[in-house]
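Please read the structure below before turning to the comments.
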Amino acid sequence: MRIRDHRADDEPEINLVPMIDVILVLIIFFVVTATFDARSVIQLELPRATGEQSEAEQALVVLVNAEGRYFVGDREVLRTDIASLKETISEVAGSERDRPVMLRADARTPYQAVVTVYDALGQLGFNRIMSATAPPAAPDASPGATQ
């Protein structure tokens, strides 16, 4: 009687289903936990200044990035001319000309872009314009620093 060895028939296999399940769970986790914040899209380095902070809760926000591109509220102005800027500001603000305006311009932005925003706001009748700045840099707190 011949006894057959069945161990040779057992070929090792790698089951990929658990690995695929883990990868899908990780993808879903990262998609769900990702924050979608409009402010994180536009990176601004504000100029530094001392003074009191102003509360601008209902202010119309106008952003100017380092390349001189304009953003009014959550809308981007497609062209950089003053007419397009005035049109977008009028659409976002409506008829509220007494509404305060917060101008947030990058420290590296061309000065002409900031002047263009001031000009457009002045022509539209806005007179409560605030410029956002970052707080002054903290002094060096190393042990060898003198104060």
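Within each chain, counting starts at residue 1; across the structure tokens, chains are named A, B, ... in the order shown, with ligands numbered 1 upward in that order.
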
Please report, as a Markdown table, each residue of stretch 91-113 of chain A lying at most 7 Å from stretch 122-138 of chain A, together with the nearest pair of atoms and the separation in Å rounded to one decimal; use only C-alpha atoms, and order rows by chain and ascending residue number.
| residue | atom | partner | partner_atom | distance |
| --- | --- | --- | --- | --- |
| A:Arg97 | CA | A:Phe126 | CA | 5.2 |
| A:Asp98 | CA | A:Phe126 | CA | 6.4 |
| A:Pro100 | CA | A:Arg128 | CA | 4.8 |
| A:Val101 | CA | A:Ile129 | CA | 4.7 |
| A:Met102 | CA | A:Met130 | CA | 4.8 |
| A:Leu103 | CA | A:Ser131 | CA | 4.8 |
| A:Arg104 | CA | A:Ala132 | CA | 5.1 |

Item to check | DSSP-assigned helix (DSSP H, G or I) members of stretch 66-132 of chain A, reported as a list in words | outcome: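 Listing helix (DSSP H, G or I) positions across stretch 66-132 of chain A yields Ile82, Ala83, Ser84, Leu85, Lys86, Glu87, Thr88, Ile89, Ser90, Glu91, Val92, Ala93, Tyr111, Gln112, Ala113, Val114, Val115, Thr116, Val117, Tyr118, Asp119, Ala120, Leu121, Gly122, Gln123 and Leu124 of chain A.
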
Item to check | strand (DSSP E or B) residues, from DSSP on the backbone, in stretch 46-120 of chain A, as number ranges by chain | outcome: A: 48, 60-64, 70-72, 75-76, 101-105

Expected file: the selected residues, N, CA, C and O atoms, as a PDB file, in the first residue's frame:
ATOM      1  N   ARG A  48       4.451  93.295  10.366  1.00  0.00           N
ATOM      2  CA  ARG A  48       4.421  93.368  11.827  1.00  0.00           C
ATOM      3  C   ARG A  48       4.159  94.804  12.273  1.00  0.00           C
ATOM      4  O   ARG A  48       4.629  95.752  11.661  1.00  0.00           O
ATOM      5  N   LEU A  60     -15.813  93.067   5.847  1.00  0.00           N
ATOM      6  CA  LEU A  60     -15.557  92.505   4.528  1.00  0.00           C
ATOM      7  C   LEU A  60     -14.054  92.305   4.423  1.00  0.00           C
ATOM      8  O   LEU A  60     -13.278  93.229   4.648  1.00  0.00           O
ATOM      9  N   VAL A  61     -13.617  91.083   4.114  1.00  0.00           N
ATOM     10  CA  VAL A  61     -12.198  90.771   4.088  1.00  0.00           C
ATOM     11  C   VAL A  61     -11.692  90.808   2.653  1.00  0.00           C
ATOM     12  O   VAL A  61     -12.248  90.147   1.774  1.00  0.00           O
ATOM     13  N   VAL A  62     -10.652  91.608   2.422  1.00  0.00           N
ATOM     14  CA  VAL A  62      -9.993  91.679   1.118  1.00  0.00           C
ATOM     15  C   VAL A  62      -8.559  91.196   1.322  1.00  0.00           C
ATOM     16  O   VAL A  62      -7.823  91.764   2.122  1.00  0.00           O
ATOM     17  N   LEU A  63      -8.188  90.127   0.613  1.00  0.00           N
ATOM     18  CA  LEU A  63      -6.850  89.560   0.718  1.00  0.00           C
ATOM     19  C   LEU A  63      -6.044  89.910  -0.519  1.00  0.00           C
ATOM     20  O   LEU A  63      -6.574  89.901  -1.630  1.00  0.00           O
ATOM     21  N   VAL A  64      -4.756  90.190  -0.320  1.00  0.00           N
ATOM     22  CA  VAL A  64      -3.829  90.393  -1.430  1.00  0.00           C
ATOM     23  C   VAL A  64      -2.629  89.492  -1.146  1.00  0.00           C
ATOM     24  O   VAL A  64      -1.951  89.658  -0.133  1.00  0.00           O
ATOM     25  N   TYR A  70      -5.952  89.259  -5.937  1.00  0.00           N
ATOM     26  CA  TYR A  70      -6.959  89.747  -4.999  1.00  0.00           C
ATOM     27  C   TYR A  70      -7.991  88.666  -4.691  1.00  0.00           C
ATOM     28  O   TYR A  70      -8.393  87.910  -5.568  1.00  0.00           O
ATOM     29  N   PHE A  71      -8.456  88.650  -3.423  1.00  0.00           N
ATOM     30  CA  PHE A  71      -9.523  87.764  -2.984  1.00  0.00           C
ATOM     31  C   PHE A  71     -10.459  88.601  -2.126  1.00  0.00           C
ATOM     32  O   PHE A  71     -10.026  89.226  -1.162  1.00  0.00           O
ATOM     33  N   VAL A  72     -11.737  88.627  -2.485  1.00  0.00           N
ATOM     34  CA  VAL A  72     -12.738  89.381  -1.733  1.00  0.00           C
ATOM     35  C   VAL A  72     -13.682  88.371  -1.095  1.00  0.00           C
ATOM     36  O   VAL A  72     -14.382  87.647  -1.803  1.00  0.00           O
ATOM     37  N   ARG A  75     -14.145  84.848  -2.682  1.00  0.00           N
ATOM     38  CA  ARG A  75     -14.083  84.868  -4.141  1.00  0.00           C
ATOM     39  C   ARG A  75     -12.773  85.468  -4.626  1.00  0.00           C
ATOM     40  O   ARG A  75     -12.295  86.461  -4.091  1.00  0.00           O
ATOM     41  N   GLU A  76     -12.196  84.856  -5.652  1.00  0.00           N
ATOM     42  CA  GLU A  76     -10.964  85.369  -6.242  1.00  0.00           C
ATOM     43  C   GLU A  76     -11.318  86.322  -7.377  1.00  0.00           C
ATOM     44  O   GLU A  76     -12.204  86.043  -8.187  1.00  0.00           O
ATOM     45  N   VAL A 101     -14.036  97.245   6.398  1.00  0.00           N
ATOM     46  CA  VAL A 101     -13.276  96.405   5.475  1.00  0.00           C
ATOM     47  C   VAL A 101     -11.938  96.080   6.118  1.00  0.00           C
ATOM     48  O   VAL A 101     -11.231  96.967   6.583  1.00  0.00           O
ATOM     49  N   MET A 102     -11.600  94.782   6.139  1.00  0.00           N
ATOM     50  CA  MET A 102     -10.310  94.331   6.673  1.00  0.00           C
ATOM     51  C   MET A 102      -9.418  93.986   5.496  1.00  0.00           C
ATOM     52  O   MET A 102      -9.716  93.080   4.728  1.00  0.00           O
ATOM     53  N   LEU A 103      -8.347  94.749   5.315  1.00  0.00           N
ATOM     54  CA  LEU A 103      -7.383  94.501   4.239  1.00  0.00           C
ATOM     55  C   LEU A 103      -6.250  93.663   4.802  1.00  0.00           C
ATOM     56  O   LEU A 103      -5.537  94.078   5.702  1.00  0.00           O
ATOM     57  N   ARG A 104      -6.104  92.448   4.265  1.00  0.00           N
ATOM     58  CA  ARG A 104      -5.034  91.538   4.677  1.00  0.00           C
ATOM     59  C   ARG A 104      -4.108  91.363   3.483  1.00  0.00           C
ATOM     60  O   ARG A 104      -4.441  90.647   2.556  1.00  0.00           O
ATOM     61  N   ALA A 105      -2.978  92.051   3.512  1.00  0.00           N
ATOM     62  CA  ALA A 105      -2.009  91.983   2.428  1.00  0.00           C
ATOM     63  C   ALA A 105      -0.733  91.319   2.919  1.00  0.00           C
ATOM     64  O   ALA A 105      -0.285  91.567   4.037  1.00  0.00           O
TER      65      ALA A 105
END

I'd like the contact shell of A:Arg69 - 9 Å cut-off, only C-alpha atoms, skipping same-chain residues fewer than 6 positions apart - returned as a short mmCIF file (atom, residue, chain, number, x, y, z; two decimals) with N, CA, C and O atoms, in the first residue's frame.
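So the final result, stored in part.cif, reads:
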data_model
loop_
_atom_site.label_atom_id
_atom_site.label_comp_id
_atom_site.auth_asym_id
_atom_site.auth_seq_id
_atom_site.Cartn_x
_atom_site.Cartn_y
_atom_site.Cartn_z
N LEU A 63 -8.19 90.13 0.61
CA LEU A 63 -6.85 89.56 0.72
C LEU A 63 -6.04 89.91 -0.52
O LEU A 63 -6.57 89.90 -1.63
N GLU A 76 -12.20 84.86 -5.65
CA GLU A 76 -10.96 85.37 -6.24
C GLU A 76 -11.32 86.32 -7.38
O GLU A 76 -12.20 86.04 -8.19
N VAL A 77 -10.63 87.45 -7.43
CA VAL A 77 -10.79 88.39 -8.54
C VAL A 77 -9.93 87.86 -9.68
O VAL A 77 -8.73 87.65 -9.52
N LEU A 78 -10.56 87.63 -10.83
CA LEU A 78 -9.86 86.95 -11.92
C LEU A 78 -8.80 87.81 -12.58
O LEU A 78 -7.78 87.31 -13.01
N ARG A 79 -9.05 89.10 -12.68
CA ARG A 79 -8.05 89.99 -13.27
C ARG A 79 -7.55 90.94 -12.19
O ARG A 79 -8.19 91.13 -11.17
N THR A 80 -6.40 91.56 -12.43
CA THR A 80 -5.82 92.43 -11.41
C THR A 80 -6.08 93.91 -11.67
O THR A 80 -5.49 94.75 -11.00
N THR A 109 3.87 91.55 -0.81
CA THR A 109 3.05 91.95 -1.96
C THR A 109 3.54 93.27 -2.52
O THR A 109 4.07 94.12 -1.79
N ALA A 113 -0.34 96.96 -5.56
CA ALA A 113 -1.55 96.14 -5.37
C ALA A 113 -2.34 96.63 -4.16
O ALA A 113 -3.57 96.68 -4.19
#

Checklist outcome for this item: Counting only C-alpha atoms, the residue among A:Val115, A:Ala120, A:Ala66, A:Ile27 that lies closest to A:Glu87 is A:Ala120

Close residues, A:Tyr111 itself excluded, 12 Å, only C-alpha atoms, min 5 positions apart in chain, as a CSV table (one decimal) with N, CA and C atoms, in the first residue's frame:
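Once everything was written out, this is out.csv:
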chain,number,residue,atom,x,y,z
A,64,VAL,N,-4.8,90.2,-0.3
A,64,VAL,CA,-3.8,90.4,-1.4
A,64,VAL,C,-2.6,89.5,-1.1
A,65,ASN,N,-2.4,88.5,-2.0
A,65,ASN,CA,-1.3,87.6,-1.8
A,65,ASN,C,0.0,88.2,-2.3
A,66,ALA,N,1.1,87.4,-2.1
A,66,ALA,CA,2.4,87.9,-2.5
A,66,ALA,C,2.6,88.2,-3.9
A,67,GLU,N,1.8,87.5,-4.8
A,67,GLU,CA,1.9,87.8,-6.2
A,67,GLU,C,1.0,89.0,-6.7
A,68,GLY,N,0.2,89.6,-5.8
A,68,GLY,CA,-0.6,90.7,-6.1
A,68,GLY,C,-2.0,90.2,-6.6
A,105,ALA,N,-3.0,92.1,3.5
A,105,ALA,CA,-2.0,92.0,2.4
A,105,ALA,C,-0.7,91.3,2.9
A,106,ASP,N,-0.2,90.5,2.1
A,106,ASP,CA,1.1,89.8,2.4
A,106,ASP,C,2.2,90.9,2.5
A,116,THR,N,-4.0,99.9,-5.0
A,116,THR,CA,-5.2,99.6,-5.9
A,116,THR,C,-6.4,99.2,-5.1
A,117,VAL,N,-6.2,98.5,-4.0
A,117,VAL,CA,-7.3,98.1,-3.2
A,117,VAL,C,-7.9,99.3,-2.5
A,118,TYR,N,-7.0,100.1,-1.9
A,118,TYR,CA,-7.4,101.4,-1.2
A,118,TYR,C,-8.2,102.3,-2.2

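Our summary of the geometry notes that atom CA of A:Ala83 is positioned 10.7 Å from atom CA of A:Asp119.
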
Item to check | Straight-line distance linking atom CA of A:Glu45 with atom CA of A:Asp81, stated in Å to one decimal | outcome: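 Separating atom CA of A:Glu45 from atom CA of A:Asp81 is a distance of 23.1 Å.
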